[in-house]
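Here's work-v8.tsv, which has TSV, C-alpha atoms:
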```
chain	number	residue	atom	x	y	z
A	385	MET	CA	17.88	4.48	4.69
A	386	ASN	CA	14.64	6.46	4.94
A	387	SER	CA	14.24	10.05	3.82
A	388	PHE	CA	13.26	12.84	6.22
A	389	THR	CA	9.86	12.97	4.50
A	390	GLU	CA	9.28	9.25	5.03
A	391	GLU	CA	10.24	9.58	8.69
A	392	ASN	CA	7.83	12.52	9.10
A	393	TYR	CA	5.02	10.36	7.70
A	394	LEU	CA	5.81	7.54	10.12
A	395	LYS	CA	5.86	10.00	13.01
A	396	ALA	CA	2.52	11.50	11.93
A	397	ILE	CA	0.87	8.06	11.68
A	398	PHE	CA	2.21	7.16	15.13
A	399	LYS	CA	0.86	10.42	16.58
A	400	LEU	CA	-2.58	9.90	15.01
A	401	SER	CA	-2.84	6.21	15.91
A	402	SER	CA	-5.20	5.11	18.66
A	403	PRO	CA	-5.76	1.78	20.42
A	404	ASP	CA	-9.46	2.22	19.66
A	405	THR	CA	-9.07	2.25	15.85
A	406	ASP	CA	-7.59	-0.13	13.27
A	407	GLY	CA	-5.92	2.57	11.23
A	408	VAL	CA	-5.45	6.25	10.38
A	409	SER	CA	-7.27	7.80	7.42
A	410	THR	CA	-5.27	9.33	4.58
A	411	ASN	CA	-7.25	12.55	5.06
A	412	SER	CA	-6.11	12.76	8.70
A	413	ILE	CA	-2.50	12.28	7.63
A	414	ALA	CA	-2.87	14.94	4.93
A	415	GLU	CA	-4.29	17.38	7.47
A	416	GLU	CA	-1.57	16.62	10.02
A	417	LEU	CA	1.21	17.15	7.47
A	418	GLN	CA	-0.59	19.95	5.61
A	419	THR	CA	-0.30	18.23	2.26
A	420	LYS	CA	-2.59	16.83	-0.46
A	421	ALA	CA	-4.41	13.53	-0.05
A	422	SER	CA	-2.92	12.39	-3.40
A	423	SER	CA	0.60	12.95	-2.01
A	424	VAL	CA	-0.28	10.88	1.04
A	425	THR	CA	-1.53	8.03	-1.16
A	426	ASP	CA	1.76	8.01	-3.11
A	427	MET	CA	3.85	8.00	0.08
A	428	ILE	CA	1.76	5.26	1.73
A	429	LYS	CA	2.44	3.03	-1.29
A	430	LYS	CA	6.17	3.70	-0.97
A	431	LEU	CA	6.16	3.01	2.79
A	432	SER	CA	4.07	-0.13	2.22
A	433	ASP	CA	6.63	-1.39	-0.31
A	434	LYS	CA	9.29	-0.93	2.39
A	435	LYS	CA	7.13	-2.91	4.86
A	436	LEU	CA	6.86	0.12	7.18
A	437	VAL	CA	3.07	0.50	7.02
A	438	LYS	CA	-0.01	-1.58	6.26
A	439	TYR	CA	-2.99	-0.18	4.40
A	440	LYS	CA	-6.48	-1.66	4.31
A	441	LYS	CA	-9.30	-0.07	2.37
A	442	TYR	CA	-11.92	1.46	4.68
A	443	GLN	CA	-9.67	0.81	7.70
A	444	GLY	CA	-6.79	3.14	6.94
A	445	VAL	CA	-3.06	3.06	7.58
A	446	SER	CA	-1.24	1.40	10.47
A	447	LEU	CA	2.45	1.02	11.29
A	448	THR	CA	4.20	-2.33	11.03
A	449	LYS	CA	6.48	-3.36	13.90
A	450	LYS	CA	9.45	-2.07	11.90
A	451	GLY	CA	7.66	1.22	11.12
A	452	LYS	CA	6.67	1.72	14.75
A	453	ILE	CA	10.26	1.26	15.95
A	454	ILE	CA	11.42	4.00	13.56
A	455	ALA	CA	8.54	6.32	14.49
A	456	ILE	CA	9.16	5.96	18.23
A	457	SER	CA	12.87	6.62	17.70
A	458	ILE	CA	12.08	9.88	15.86
A	459	VAL	CA	9.60	10.95	18.55
A	460	ARG	CA	12.17	10.14	21.27
A	461	ASN	CA	14.85	12.20	19.52
A	462	HIS	CA	12.47	15.12	18.94
A	463	ARG	CA	11.35	15.36	22.56
A	464	LEU	CA	14.84	14.94	24.02
A	465	TRP	CA	16.14	17.73	21.77
A	466	GLU	CA	13.28	19.96	22.91
A	467	VAL	CA	14.30	19.39	26.54
A	468	PHE	CA	17.93	20.19	25.66
A	469	LEU	CA	17.00	23.40	23.82
A	470	VAL	CA	14.82	24.67	26.67
A	471	GLU	CA	16.87	23.53	29.67
A	472	LYS	CA	20.42	23.98	28.36
A	473	LEU	CA	20.16	26.67	25.67
A	474	ASN	CA	17.36	28.71	27.25
A	475	PHE	CA	14.95	28.63	24.32
A	476	LYS	CA	11.27	29.22	25.15
A	477	TRP	CA	8.74	26.40	24.79
A	478	ASP	CA	7.19	28.07	21.73
A	479	GLU	CA	10.55	28.26	19.90
A	480	VAL	CA	11.81	24.69	19.98
A	481	HIS	CA	9.43	22.62	17.83
A	482	ASP	CA	10.83	23.60	14.43
A	483	LEU	CA	14.44	23.28	15.61
A	484	ALA	CA	13.74	19.82	17.02
A	485	GLU	CA	12.10	18.86	13.69
A	486	ASP	CA	15.55	19.17	12.09
A	487	LEU	CA	17.55	17.64	14.94
A	488	GLU	CA	15.26	14.60	15.30
A	489	HIS	CA	16.58	13.12	12.05
A	490	ILE	CA	20.16	12.75	13.33
A	491	ASN	CA	20.35	8.97	13.19
A	492	SER	CA	22.73	8.05	16.00
A	493	GLU	CA	21.56	5.77	18.78
A	494	LYS	CA	24.77	6.50	20.71
A	495	MET	CA	24.11	10.25	20.61
A	496	THR	CA	20.47	9.78	21.66
A	497	GLU	CA	21.47	7.69	24.70
A	498	ARG	CA	24.22	10.17	25.65
A	499	LEU	CA	21.74	13.05	25.33
A	500	ASP	CA	19.21	11.21	27.51
A	501	GLU	CA	21.88	10.60	30.15
A	502	PHE	CA	23.14	14.20	29.97
A	503	LEU	CA	19.59	15.46	30.58
A	504	GLU	CA	19.21	13.02	33.52
A	505	PHE	CA	16.58	10.85	31.80
A	506	PRO	CA	13.62	13.25	31.53
A	507	LYS	CA	10.15	11.69	31.41
A	508	TYR	CA	8.42	14.60	29.62
A	509	ASP	CA	9.35	17.30	27.11
A	510	PRO	CA	8.72	21.05	27.67
A	511	HIS	CA	5.14	20.67	26.40
A	512	GLY	CA	4.36	17.81	28.78
A	513	ASP	CA	4.56	15.12	26.07
A	514	PRO	CA	5.93	11.78	27.32
A	515	ILE	CA	9.41	10.83	26.08
A	516	PRO	CA	9.65	7.18	24.97
A	517	ASP	CA	12.39	5.29	26.83
A	518	LYS	CA	15.22	3.46	25.04
A	519	ASN	CA	13.05	0.34	24.84
A	520	GLY	CA	10.25	2.23	23.09
A	521	ASN	CA	7.86	2.31	26.05
A	522	VAL	CA	5.62	5.39	26.07
A	523	TYR	CA	3.88	6.39	29.28
A	524	ASN	CA	1.00	8.54	28.08
A	525	HIS	CA	-0.85	10.92	30.37
A	526	LYS	CA	-3.83	9.36	32.11
A	527	ASP	CA	-5.07	12.84	32.90
A	528	VAL	CA	-7.99	14.89	31.61
A	529	THR	CA	-8.25	18.14	29.66
A	530	LEU	CA	-9.27	21.44	31.20
A	531	ALA	CA	-12.53	21.16	29.23
A	532	ASP	CA	-13.38	18.03	31.28
A	533	LEU	CA	-13.32	19.88	34.61
A	534	LYS	CA	-16.57	20.95	36.24
A	535	GLN	CA	-17.28	24.17	38.11
A	536	ASN	CA	-15.16	24.57	41.27
A	537	GLU	CA	-12.83	21.68	40.30
A	538	LYS	CA	-9.06	22.24	40.37
A	539	GLY	CA	-6.08	20.85	38.51
A	540	ILE	CA	-2.41	21.28	37.61
A	541	VAL	CA	-1.36	21.92	33.99
A	542	VAL	CA	0.79	18.95	32.91
A	543	GLY	CA	0.75	19.15	29.08
A	544	VAL	CA	-0.61	20.60	25.87
A	545	LYS	CA	-2.14	18.86	22.86
A	546	GLU	CA	-1.46	21.73	20.47
A	547	HIS	CA	2.06	23.05	19.88
A	548	SER	CA	1.40	26.05	17.64
A	549	LYS	CA	3.35	29.19	18.52
A	550	SER	CA	0.16	31.26	18.79
A	551	TYR	CA	-1.41	28.79	21.24
A	552	LEU	CA	1.69	28.53	23.43
A	553	ASN	CA	2.08	32.33	23.44
A	554	TYR	CA	-1.57	32.66	24.46
A	555	LEU	CA	-1.14	30.22	27.34
A	556	GLU	CA	1.99	32.01	28.51
A	557	SER	CA	0.22	35.39	28.40
A	558	ILE	CA	-2.37	34.12	30.91
A	559	ASN	CA	0.15	32.10	32.95
A	560	LEU	CA	-1.32	28.72	31.96
A	561	VAL	CA	2.11	27.08	31.72
A	562	LEU	CA	3.23	23.65	32.96
A	563	GLY	CA	2.84	23.43	36.72
A	564	ALA	CA	0.20	26.18	36.97
A	565	GLU	CA	-2.78	25.48	39.25
A	566	ILE	CA	-6.19	26.28	37.79
A	567	LYS	CA	-9.64	26.39	39.38
A	568	VAL	CA	-12.80	26.54	37.26
A	569	ASP	CA	-15.01	29.32	38.62
A	570	ASP	CA	-17.75	29.30	35.99
A	571	ILE	CA	-18.64	27.58	32.70
A	572	ILE	CA	-20.69	29.38	30.04
A	573	ASP	CA	-23.42	27.08	28.65
A	574	PHE	CA	-23.48	28.79	25.26
A	575	ASP	CA	-19.95	27.99	24.07
A	576	ARG	CA	-18.38	26.02	26.99
A	577	SER	CA	-15.87	28.80	27.60
A	578	MET	CA	-14.92	29.20	31.24
A	579	SER	CA	-13.89	31.73	33.84
A	580	ALA	CA	-11.08	30.43	35.99
A	581	SER	CA	-8.45	31.32	38.57
A	582	VAL	CA	-4.79	30.63	37.83
A	583	ASN	CA	-2.42	30.30	40.78
A	584	GLY	CA	-5.06	32.00	42.94
A	585	LYS	CA	-5.50	34.99	40.63
A	586	LYS	CA	-8.64	35.67	38.59
A	587	LEU	CA	-8.52	34.82	34.88
A	588	VAL	CA	-11.29	36.40	32.81
A	589	ASN	CA	-11.99	33.72	30.20
A	590	VAL	CA	-10.63	30.57	28.56
A	591	SER	CA	-12.21	29.46	25.28
A	592	HIS	CA	-13.40	25.88	24.80
A	593	GLN	CA	-10.85	25.45	21.98
A	594	ALA	CA	-8.05	26.42	24.36
A	595	SER	CA	-9.34	24.34	27.27
A	596	LYS	CA	-9.77	21.10	25.30
A	597	ASN	CA	-6.07	21.22	24.27
A	598	LEU	CA	-4.74	21.69	27.80
A	599	ILE	CA	-3.94	18.51	29.78
A	600	ILE	CA	-4.73	18.69	33.49
A	601	LYS	CA	-3.94	16.52	36.50
A	602	LYS	CA	-7.00	16.81	38.73
A	603	LEU	CA	-6.51	17.78	42.36
```
Would you write out, as structure tokens, the structure that this file holds?
Amino acid sequence: MNSFTEENYLKAIFKLSSPDTDGVSTNSIAEELQTKASSVTDMIKKLSDKKLVKYKKYQGVSLTKKGKIIAISIVRNHRLWEVFLVEKLNFKWDEVHDLAEDLEHINSEKMTERLDEFLEFPKYDPHGDPIPDKNGNVYNHKDVTLADLKQNEKGIVVGVKEHSKSYLNYLESINLVLGAEIKVDDIIDFDRSMSASVNGKKLVNVSHQASKNLIIKKL
């Protein structure tokens, strides 16, 4: 049986993994989990001994088939619990991440499948992140970020890349929530911030940092 900490490492490596790279750097993992690089090195050795990850010098860390199955299971649990907390218990989207962090470690396949059925098999969580199906398939967004839009282009908000409470509160304060329609009115050359309209109403400014973390389906 794996500890919660081990599972969190597997989830972090899965999140940071990309088809374009062979592995994830220990520094990236340390930053994601807000821990020391030396702690990451110790944990990678432990996970490697359990055949859950592979580590190659200069290439980084990658999940084994066994490690990936566990990581996807944790991600699936986390995102289903977020849907449950928002849709059934009326939590806000900025309140559910930490609660789901605890609930995701409940290791019961039967409960996960019952929860999925109860929620009528949702495809995305409240932040627009895709929920892996019971076979581990993940249908990632093929959409762009708000920062990719040009002047006068439009899109619908379908997800966020950052889940911090401050970021989600900021988006909510300017009505940039899931389903909102946004039109880019102007882009400032100096810092790539933009003026935009949300649901037909004028929005003064969106920073480049905010726009590059907002996933958009172009219209």
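Of the residues under consideration (A:Leu533, A:Gln593, A:Glu466, A:Met495), A:Glu466 shows the shortest atom-to-atom contact distance to His481 in chain A when counting all atoms listed in the file.
Considering all atoms listed in the file, the residue among A:Leu464, A:Ala414, A:Val568, A:Ile600 positioned nearest to Ser581 in chain A is A:Val568.
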I want to know what sits within 8 Å of Glu537 in chain A, based on all atoms listed in the file, with residues of the same chain fewer than 6 positions away left out; could you give that as a VMD selection string? chain A and resid 567 to 568 602 to 603
CA of Tyr508 in chain A sits from CA of Gly563 in chain A at a separation of 12.6 Å
inquiry  = Please list as an MDAnalysis selection string every residue within 12 Å of Glu546 in chain A, counting only C-alpha atoms and excluding residues in the same chain fewer than 4 positions away.
reply    = chainID A and resid 416 478 481 511:513 529 550:555 593:599
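Put simply, CA of Glu565 in chain A is 6.5 Å away from CA of Val541 in chain A.
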Handout entry: For Asp482 in chain A: contacts at 12 Å, only C-alpha atoms, fewer than 2 positions along chain excluded, given as a ChimeraX atom specification
Key = /A:462-463,465-466,469,475,477-480,484-488,547-549
Between A:Glu504, A:Asn461, A:Asp517, A:Val408, smallest distance to Ile490 in chain A by only C-alpha atoms belongs to A:Asn461
As a check of understanding: the span from CA of Val542 in chain A to CA of Lys476 in chain A is 16.6 Å
Specify the axis-aligned box that encloses all atoms of range 466-480 of chain A listed in the file after padding of 5 Å on each side, stating its centre and edge lengths in Å to one decimal as AutoDock Vina command-line options.
```
--center_x 13.8 --center_y 24.3 --center_z 24.8 --size_x 23.2 --size_y 19.8 --size_z 19.8
```
Just want the 7 Å neighbourhood of range 570-578 of chain A, counted on all atoms listed in the file, with same-chain residues fewer than 5 positions away dropped. Output as a list in words. Gln535, Asn589, Val590, Ser591 and His592 of chain A
- [ ] Could you give me, as a list in words, the residues within 10 Å of Glu493 in chain A, counting all atoms listed in the file and dropping anything in the same chain fewer than 3 positions from it?
- [x] Ser457, Asn461, Ile490, Thr496, Glu497, Arg498, Leu499 and Lys518 of chain A
Some atoms are absent from range 557-579 of chain A, so rebuild N, CA and C atoms and return them as a PDB file, in the frame of the given file.
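Output file rebuild.pdb is given in full below:
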```pdb
ATOM      1  N   SER A 557       0.713  34.044  28.080  1.00  0.00           N
ATOM      2  CA  SER A 557       0.220  35.390  28.400  1.00  0.00           C
ATOM      3  C   SER A 557      -0.773  35.376  29.566  1.00  0.00           C
ATOM      4  N   ILE A 558      -1.425  34.226  29.782  1.00  0.00           N
ATOM      5  CA  ILE A 558      -2.370  34.120  30.910  1.00  0.00           C
ATOM      6  C   ILE A 558      -1.847  33.175  31.998  1.00  0.00           C
ATOM      7  N   ASN A 559      -0.541  32.905  31.931  1.00  0.00           N
ATOM      8  CA  ASN A 559       0.150  32.100  32.950  1.00  0.00           C
ATOM      9  C   ASN A 559      -0.316  30.652  33.049  1.00  0.00           C
ATOM     10  N   LEU A 560      -0.920  30.133  31.974  1.00  0.00           N
ATOM     11  CA  LEU A 560      -1.320  28.720  31.960  1.00  0.00           C
ATOM     12  C   LEU A 560      -0.182  27.874  31.409  1.00  0.00           C
ATOM     13  N   VAL A 561       0.936  27.850  32.121  1.00  0.00           N
ATOM     14  CA  VAL A 561       2.110  27.080  31.720  1.00  0.00           C
ATOM     15  C   VAL A 561       2.170  25.799  32.549  1.00  0.00           C
ATOM     16  N   LEU A 562       3.105  24.901  32.209  1.00  0.00           N
ATOM     17  CA  LEU A 562       3.230  23.650  32.960  1.00  0.00           C
ATOM     18  C   LEU A 562       3.452  23.949  34.440  1.00  0.00           C
ATOM     19  N   GLY A 563       2.709  23.252  35.283  1.00  0.00           N
ATOM     20  CA  GLY A 563       2.840  23.430  36.720  1.00  0.00           C
ATOM     21  C   GLY A 563       1.857  24.425  37.314  1.00  0.00           C
ATOM     22  N   ALA A 564       1.164  25.194  36.455  1.00  0.00           N
ATOM     23  CA  ALA A 564       0.200  26.180  36.970  1.00  0.00           C
ATOM     24  C   ALA A 564      -1.017  25.458  37.558  1.00  0.00           C
ATOM     25  N   GLU A 565      -1.557  26.027  38.651  1.00  0.00           N
ATOM     26  CA  GLU A 565      -2.780  25.480  39.250  1.00  0.00           C
ATOM     27  C   GLU A 565      -3.977  26.286  38.755  1.00  0.00           C
ATOM     28  N   ILE A 566      -5.011  25.606  38.312  1.00  0.00           N
ATOM     29  CA  ILE A 566      -6.190  26.280  37.790  1.00  0.00           C
ATOM     30  C   ILE A 566      -7.444  25.787  38.485  1.00  0.00           C
ATOM     31  N   LYS A 567      -8.343  26.720  38.766  1.00  0.00           N
ATOM     32  CA  LYS A 567      -9.640  26.390  39.380  1.00  0.00           C
ATOM     33  C   LYS A 567     -10.736  26.957  38.481  1.00  0.00           C
ATOM     34  N   VAL A 568     -11.691  26.104  38.114  1.00  0.00           N
ATOM     35  CA  VAL A 568     -12.800  26.540  37.260  1.00  0.00           C
ATOM     36  C   VAL A 568     -13.836  27.251  38.125  1.00  0.00           C
ATOM     37  N   ASP A 569     -14.042  28.538  37.851  1.00  0.00           N
ATOM     38  CA  ASP A 569     -15.010  29.320  38.620  1.00  0.00           C
ATOM     39  C   ASP A 569     -16.406  29.279  37.994  1.00  0.00           C
ATOM     40  N   ASP A 570     -16.455  29.289  36.660  1.00  0.00           N
ATOM     41  CA  ASP A 570     -17.750  29.300  35.990  1.00  0.00           C
ATOM     42  C   ASP A 570     -17.599  28.766  34.570  1.00  0.00           C
ATOM     43  N   ILE A 571     -18.633  28.093  34.069  1.00  0.00           N
ATOM     44  CA  ILE A 571     -18.640  27.580  32.700  1.00  0.00           C
ATOM     45  C   ILE A 571     -19.851  28.155  31.974  1.00  0.00           C
ATOM     46  N   ILE A 572     -19.610  28.761  30.821  1.00  0.00           N
ATOM     47  CA  ILE A 572     -20.690  29.380  30.040  1.00  0.00           C
ATOM     48  C   ILE A 572     -21.375  28.304  29.197  1.00  0.00           C
ATOM     49  N   ASP A 573     -22.680  28.112  29.385  1.00  0.00           N
ATOM     50  CA  ASP A 573     -23.420  27.080  28.650  1.00  0.00           C
ATOM     51  C   ASP A 573     -23.347  27.262  27.135  1.00  0.00           C
ATOM     52  N   PHE A 574     -23.384  28.509  26.685  1.00  0.00           N
ATOM     53  CA  PHE A 574     -23.480  28.790  25.260  1.00  0.00           C
ATOM     54  C   PHE A 574     -22.331  28.193  24.459  1.00  0.00           C
ATOM     55  N   ASP A 575     -21.092  28.431  24.872  1.00  0.00           N
ATOM     56  CA  ASP A 575     -19.950  27.990  24.070  1.00  0.00           C
ATOM     57  C   ASP A 575     -18.927  27.179  24.862  1.00  0.00           C
ATOM     58  N   ARG A 576     -19.257  26.823  26.118  1.00  0.00           N
ATOM     59  CA  ARG A 576     -18.380  26.020  26.990  1.00  0.00           C
ATOM     60  C   ARG A 576     -17.083  26.729  27.339  1.00  0.00           C
ATOM     61  N   SER A 577     -17.030  28.043  27.107  1.00  0.00           N
ATOM     62  CA  SER A 577     -15.870  28.800  27.600  1.00  0.00           C
ATOM     63  C   SER A 577     -15.990  28.885  29.113  1.00  0.00           C
ATOM     64  N   MET A 578     -14.885  29.200  29.780  1.00  0.00           N
ATOM     65  CA  MET A 578     -14.920  29.200  31.240  1.00  0.00           C
ATOM     66  C   MET A 578     -14.167  30.377  31.842  1.00  0.00           C
ATOM     67  N   SER A 579     -14.629  30.794  32.997  1.00  0.00           N
ATOM     68  CA  SER A 579     -13.890  31.730  33.840  1.00  0.00           C
ATOM     69  C   SER A 579     -13.125  30.888  34.848  1.00  0.00           C
TER      70      SER A 579
END
```
